[in-house]
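A short write-up of the structure that comes next.
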Number of protein chains: 2
Amino acid sequence: MRKKLEKIRVHIADDHQILIDGIIAVLSAEENIEVVGFSNNGEDVLKWFTANRADVLLLDINMPKVDGIAVLQNLNELNFQPKVIVLSSYDDTKLIKEVLKIGAVGFLAKKCAGEHIVEAINKVNNGEQYFEKSIQQKLLSTFTNQSQSNDFISQDGPFFSSLTPRELEVLQLIARQYNSREISDELHISVNTVETHRKNLIAKLNVKNVVGLAIYALKNDLV
Amino acid sequence: MRKKLEKIRVHIADDHQILIDGIIAVLSAEENIEVVGFSNNGEDVLKWFTANRADVLLLDINMPKVDGIAVLQNLNELNFQPKVIVLSSYDDTKLIKEVLKIGAVGFLAKKCAGEHIVEAINKVNNGEQYFEKSIQQKLLSTFTNQSQSNDFISQDGPFFSSLTPRELEVLQLIARQYNSREISDELHISVNTVETHRKNLIAKLNVKNVVGLAIYALKNDLV
DNA sequence: TTACTTCTAACGGTTTTCAGTGATAAAAAA
DNA sequence: TTTTTTATCACTGAAAACCGTTAGAAGTAA
């Protein structure tokens, strides 16, 4: 095991510098891990990775300018792709599935303890996936529900389908306090169409009303 | 200066354990600071302080069960009161004024660097206040605006009046997707009353509709 | 005492949302 | 090519939100 000499290169991306400093402090105790860079927004992450490389990227979803989702999508075009562990304030199963689809290999809720970061970094660097036990259970339970209720709309939304581009547009405008008529003006479509999109959004995201939509938009940085 | 022997006792309250671990790691480098406890929700903070004491409390606003605001209000009843530095995701001037009114003596946005924590802890322990420069400027500018526009309703809301406890309650329930009838059930008041509160909220916060209210609630960690 | 704030409640009317249903056409995927 | 997805539009009726205004009771502060 003379691999000990090669440290795992880690980049941290989060808009809360205080959290980055904290993680750096936690990781500094690890001999085989080295923090080689950090960014406070998605744009800087992408810039950094054009000129540098890291083995593992700790990526916050909720970031200004370019959000974590967009970062993940853009990272796919790199030659040397880092293993991405997503950091999130919310252990939302939809979000987890979303980021897994687009290349993340680990997921850490910010409410977890610092020691898990070390474990996560080591695991993903070894080619494994990393999830906390609580998240594992959540994922398993939803998968179970899904297979149980295979031919009707599950509680978690219709087959976890993601939003269409148009739905996203409508959602963003809703979160900007536009009402249906204003959205129809903005997008040059009928009010009826807007209301259809709105209804589909409420169903897909499994929320109760506009408030739920707004909160979803905000939590997912769509505003 | 033989006071060096007495370390500043710090308690950290945040629902993100990962952040707590980080701050602990940062503070562990300081000889005159000792982290003597932490909590992941407001209830635990209050429990801890009934049996223990600390010089400084780093308090997150956005916490489950009992939020930071409520913690601040309850801390006033303690015999030995800690100096409270509020941690927040957003450097919202309204929120800052709110927490200053109810006893906080420092304010740290989570996007700030870890080194500021040390500075903040030392300052408030010395009886001073602590704000970042960016926040200082923000506060100054709003105070300036306030004096300039003294006798009419400013863009920032009517005289920056803060929300009443009841309005806060209603707002929180709105942000949880409750409709007026459900809120009236929950609070045991008439639907009309709820709607009055709702109208006053929309006017006070200068938003357009429920969506605006929900977003305000989320941005100010009221959810 | 007066004035102010907060909480409560109500009325009348307009606008918007929401649920359900159905339908068409183009594009994309199988 | 057939099927599915996406985007579009329409109608209805019920529920909810929104607007403006008024007003009493209770508590607090000047």
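Chain lettering (A, B, ...) mirrors the order of the structure tokens, residue numbering begins at 1 for each chain separately, and ligand numbering begins at 1 in order of display.
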
### Message
Counting only C-alpha atoms (C1' of nucleotides), a student should be able to say which residues of chain A come within 9 Å of chain C; what is the right answer, written as a PyMOL selection string?
### Response
chain A and resi 179-180+195+199+209-210

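For the residues A:Val191, A:Leu222, A:Ala217, A:Leu171, ranking by smallest atom-to-atom distance to chain D using only C-alpha atoms (C1' of nucleotides) places A:Val191 first.
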
Rows by chain and residue number, chain A within 8 Å of chain B, shortest pair, only C-alpha atoms, as a Markdown table:
```
| residue | atom | partner | partner_atom | distance |
| --- | --- | --- | --- | --- |
| A:Asp15 | CA | B:Lys111 | CA | 5.8 |
| A:His16 | CA | B:Lys111 | CA | 3.6 |
| A:Gln17 | CA | B:Lys111 | CA | 4.6 |
| A:Ile18 | CA | B:Gly114 | CA | 4.7 |
| A:Leu19 | CA | B:Leu19 | CA | 5.5 |
| A:Ile20 | CA | B:Gly22 | CA | 7.9 |
| A:Asp21 | CA | B:Gly114 | CA | 5.5 |
| A:Gly22 | CA | B:Gly22 | CA | 3.2 |
| A:Ile23 | CA | B:Gly22 | CA | 5.2 |
| A:Ile24 | CA | B:Gly22 | CA | 7.6 |
| A:Ala25 | CA | B:Ala25 | CA | 5.2 |
| A:Val26 | CA | B:Ala25 | CA | 5.7 |
| A:Ser89 | CA | B:His16 | CA | 7.6 |
| A:Lys110 | CA | B:His16 | CA | 4.9 |
| A:Lys111 | CA | B:His16 | CA | 3.6 |
| A:Cys112 | CA | B:Gln17 | CA | 5.3 |
| A:Ala113 | CA | B:Ile18 | CA | 4.9 |
| A:Gly114 | CA | B:Ile18 | CA | 4.7 |
| A:Ile174 | CA | B:Val211 | CA | 7.6 |
| A:Ala175 | CA | B:Val211 | CA | 6.4 |
| A:Arg176 | CA | B:Gly212 | CA | 7.6 |
| A:Gln177 | CA | B:Val211 | CA | 5.7 |
| A:Lys208 | CA | B:Gln177 | CA | 6.4 |
| A:Asn209 | CA | B:Gln177 | CA | 6.7 |
| A:Val210 | CA | B:Val211 | CA | 6.6 |
| A:Val211 | CA | B:Val211 | CA | 5.4 |
| A:Gly212 | CA | B:Gln177 | CA | 6.0 |
| A:Ala214 | CA | B:Val211 | CA | 6.0 |
| A:Ile215 | CA | B:Ile215 | CA | 6.8 |
| A:Leu218 | CA | B:Ile215 | CA | 7.3 |
```

Sorted per-residue table, chain A near chain D, closest atoms and distance, 9 Å, only C-alpha atoms (C1' of nucleotides), as a tab-separated table:
```
residue	atom	partner	partner_atom	distance
A:Thr164	CA	D:DT6	C1'	7.6
A:Arg166	CA	D:DA7	C1'	8.0
A:Ile189	CA	D:DT8	C1'	8.2
A:Ser190	CA	D:DC9	C1'	7.0
A:Val191	CA	D:DC9	C1'	8.8
A:Asn192	CA	D:DC9	C1'	6.2
A:Thr193	CA	D:DC9	C1'	6.2
```

### Query
Which distance in Å separates CA of Leu72 (chain A) and CA of Gly42 (chain A), to one decimal?
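Separating CA of Leu72 (chain A) from CA of Gly42 (chain A) is a distance of 9.4 Å.
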
### Message
What's the separation between CA of Gly68 (chain B) and CA of Ala13 (chain B), in Å to one decimal place?
### Response
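Separation of CA of Gly68 (chain B) and CA of Ala13 (chain B): 8.7 Å.
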